[in-house]
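Remarks on the structure that follows.
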Amino acid sequence: MNPVIVQYRPPEGLSVVEAAELLQQNSRAVVAQLIDFAARKVVVVVPGPKRRSFRVVRTDRPVGNVAESLILRAVFGEADRPGASVTLTRHRNAGLSARLADAHREIVAAMLQRGLVVRRPWALRLVQF
């Protein structure tokens, strides 16, 4: 396995997922968030038992904001605590997509409340500068 070099940090106070939402680049935001968690030692990622799988283990490091907590809860479910682990295999993660979609909706709703994005009739989202 080759090392991953983190080349991007979101603005202070934002999670990787929130920054990706602002940039409308959310298709790989969860993977980027997991890599960010691993770089910050919030999780440890190790090869899984099967080909194209990996295991994510939760450490005792805290996360920075609510959005990050929502992503961890989506990945680990109610078992989000130090030592919890989940094996992720491509296209075989029952319920994960639905939990991530729910987390994404909550994150966007919080961003709307904070005024980071707005809803407009002619555009789904606009970034507020």
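Order determines the names: the first chain of the structure tokens is A, the second B, and so forth; residues in each chain are numbered 1 upward, and ligands are numbered 1 upward as they are shown.
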Q) Taking the backbone alone, and naming residues the way the document does, which bits of chain A are alpha helix (DSSP H) by DSSP, as a PyMOL selection string? A) chain A and resi 16-22+29-39+66-76+96-114
Q: Tell me which protein, DNA and RNA residues are within 9 Å of Gly48 of chain A, counting only C-alpha atoms, leaving out same-chain ones fewer than 6 positions away, and put them as a list of chain:residue names.
A: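 After dropping sequence-adjacent residues, the list is A:Phe54, A:Arg55, A:Val56, A:Thr87, A:Leu88, A:Thr89.
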Just to be explicit: take each residue in the selection above, keep all heavy atoms, and write the result as a PDB file, in the first residue's frame.
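Produced file result18.pdb, reproduced below:
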ATOM      1  N   PHE A  54     -11.128  -2.658   3.208  1.00  0.00           N
ATOM      2  CA  PHE A  54     -10.273  -2.102   4.244  1.00  0.00           C
ATOM      3  C   PHE A  54     -11.078  -1.954   5.520  1.00  0.00           C
ATOM      4  O   PHE A  54     -12.304  -1.892   5.502  1.00  0.00           O
ATOM      5  CB  PHE A  54      -9.627  -0.783   3.809  1.00  0.00           C
ATOM      6  CG  PHE A  54     -10.590   0.293   3.410  1.00  0.00           C
ATOM      7  CD1 PHE A  54     -11.012   1.241   4.327  1.00  0.00           C
ATOM      8  CD2 PHE A  54     -11.068   0.372   2.108  1.00  0.00           C
ATOM      9  CE1 PHE A  54     -11.898   2.239   3.962  1.00  0.00           C
ATOM     10  CE2 PHE A  54     -11.951   1.367   1.719  1.00  0.00           C
ATOM     11  CZ  PHE A  54     -12.364   2.298   2.660  1.00  0.00           C
ATOM     12  N   ARG A  55     -10.361  -1.934   6.618  1.00  0.00           N
ATOM     13  CA  ARG A  55     -10.993  -1.823   7.917  1.00  0.00           C
ATOM     14  C   ARG A  55     -10.656  -0.455   8.487  1.00  0.00           C
ATOM     15  O   ARG A  55      -9.509  -0.007   8.441  1.00  0.00           O
ATOM     16  CB  ARG A  55     -10.489  -2.932   8.839  1.00  0.00           C
ATOM     17  CG  ARG A  55     -11.312  -3.124  10.076  1.00  0.00           C
ATOM     18  CD  ARG A  55     -11.000  -4.451  10.762  1.00  0.00           C
ATOM     19  NE  ARG A  55      -9.600  -4.599  11.098  1.00  0.00           N
ATOM     20  CZ  ARG A  55      -9.076  -4.340  12.287  1.00  0.00           C
ATOM     21  NH1 ARG A  55      -9.849  -3.930  13.275  1.00  0.00           N
ATOM     22  NH2 ARG A  55      -7.796  -4.516  12.493  1.00  0.00           N
ATOM     23  N   VAL A  56     -11.668   0.208   9.002  1.00  0.00           N
ATOM     24  CA  VAL A  56     -11.509   1.520   9.614  1.00  0.00           C
ATOM     25  C   VAL A  56     -11.736   1.341  11.113  1.00  0.00           C
ATOM     26  O   VAL A  56     -12.773   0.816  11.522  1.00  0.00           O
ATOM     27  CB  VAL A  56     -12.513   2.539   9.034  1.00  0.00           C
ATOM     28  CG1 VAL A  56     -12.305   3.916   9.653  1.00  0.00           C
ATOM     29  CG2 VAL A  56     -12.405   2.614   7.521  1.00  0.00           C
ATOM     30  N   THR A  87     -15.533  -2.896   8.519  1.00  0.00           N
ATOM     31  CA  THR A  87     -14.857  -3.297   7.293  1.00  0.00           C
ATOM     32  C   THR A  87     -15.669  -2.781   6.119  1.00  0.00           C
ATOM     33  O   THR A  87     -16.869  -3.033   6.037  1.00  0.00           O
ATOM     34  CB  THR A  87     -14.707  -4.829   7.217  1.00  0.00           C
ATOM     35  OG1 THR A  87     -13.914  -5.249   8.325  1.00  0.00           O
ATOM     36  CG2 THR A  87     -14.024  -5.247   5.923  1.00  0.00           C
ATOM     37  N   LEU A  88     -15.017  -2.052   5.239  1.00  0.00           N
ATOM     38  CA  LEU A  88     -15.675  -1.497   4.058  1.00  0.00           C
ATOM     39  C   LEU A  88     -15.172  -2.231   2.819  1.00  0.00           C
ATOM     40  O   LEU A  88     -13.968  -2.363   2.617  1.00  0.00           O
ATOM     41  CB  LEU A  88     -15.394  -0.005   3.951  1.00  0.00           C
ATOM     42  CG  LEU A  88     -15.843   0.843   5.144  1.00  0.00           C
ATOM     43  CD1 LEU A  88     -15.426   2.290   4.946  1.00  0.00           C
ATOM     44  CD2 LEU A  88     -17.338   0.736   5.349  1.00  0.00           C
ATOM     45  N   THR A  89     -16.110  -2.709   2.045  1.00  0.00           N
ATOM     46  CA  THR A  89     -15.811  -3.419   0.811  1.00  0.00           C
ATOM     47  C   THR A  89     -16.589  -2.743  -0.302  1.00  0.00           C
ATOM     48  O   THR A  89     -17.773  -2.454  -0.146  1.00  0.00           O
ATOM     49  CB  THR A  89     -16.228  -4.902   0.917  1.00  0.00           C
ATOM     50  OG1 THR A  89     -15.608  -5.466   2.063  1.00  0.00           O
ATOM     51  CG2 THR A  89     -15.824  -5.677  -0.314  1.00  0.00           C
TER      52      THR A  89
END
Q | atom CA of Phe37 of chain A to atom CA of Gly95 of chain A, distance in Å rounded to a single decimal | A |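 Spanning atom CA of Phe37 of chain A to atom CA of Gly95 of chain A is a straight-line distance of 21.1 Å.
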Q.
Given only C-alpha atoms as the basis, pick out the residue of A:Ser27, A:Pro82, A:Leu100, A:Asn65 nearest to Glu12 of chain A.
A.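 Closest residue, counting only C-alpha atoms: A:Asn65.
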Q) Looking at only C-alpha atoms, which of A:Val57, A:Val16, A:Ala109, A:Leu116 is the one that sits closest to Gln33 of chain A? A)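 Distance minimum relative to Gln33 of chain A lands on A:Val16.
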Q. Closest to Gly83 of chain A among A:Asp60, A:Glu68, A:Asp36, A:Asp102, using only C-alpha atoms?
A. A:Asp60
(Q) Taking only C-alpha atoms into account, name the residue in A:Ala32, A:Val117, A:Val63, A:Leu23 that is nearest to Asp80 of chain A. (A)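 Looking at the shortest contact to Asp80 of chain A, the residue is A:Val63.
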Q: Kindly indicate which residue among A:Leu70, A:Ala98, A:Arg9, A:Ile107 lies nearest to Ala39 of chain A, using only C-alpha atoms for the distances.
A: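 Comparing A:Leu70, A:Ala98, A:Arg9, A:Ile107 against Ala39 of chain A, the winner is A:Arg9.
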Q. What separation in Å, quoted to one decimal, exists between atom CA of Gln24 of chain A and atom CA of Arg73 of chain A?
A. 22.7 Å
Q.
Report, in Å with one decimal, the straight-line distance from atom CA of Ser85 of chain A to atom CA of Ser69 of chain A.
A.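 Atom CA of Ser85 of chain A sits 15.4 Å away from atom CA of Ser69 of chain A.
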Q | Those of chain A in DSSP strand (DSSP E), formatted as number ranges by chain | A | A: 43-47, 53-58, 85-89, 117-120, 123-127
Q. Looking at A:Val30, A:Ser53, A:Pro47, A:Pro10, which one is nearest to Arg99 of chain A, with distances taken over only C-alpha atoms?
A.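 When distances to Arg99 of chain A are compared using only C-alpha atoms, the smallest one comes from A:Val30.
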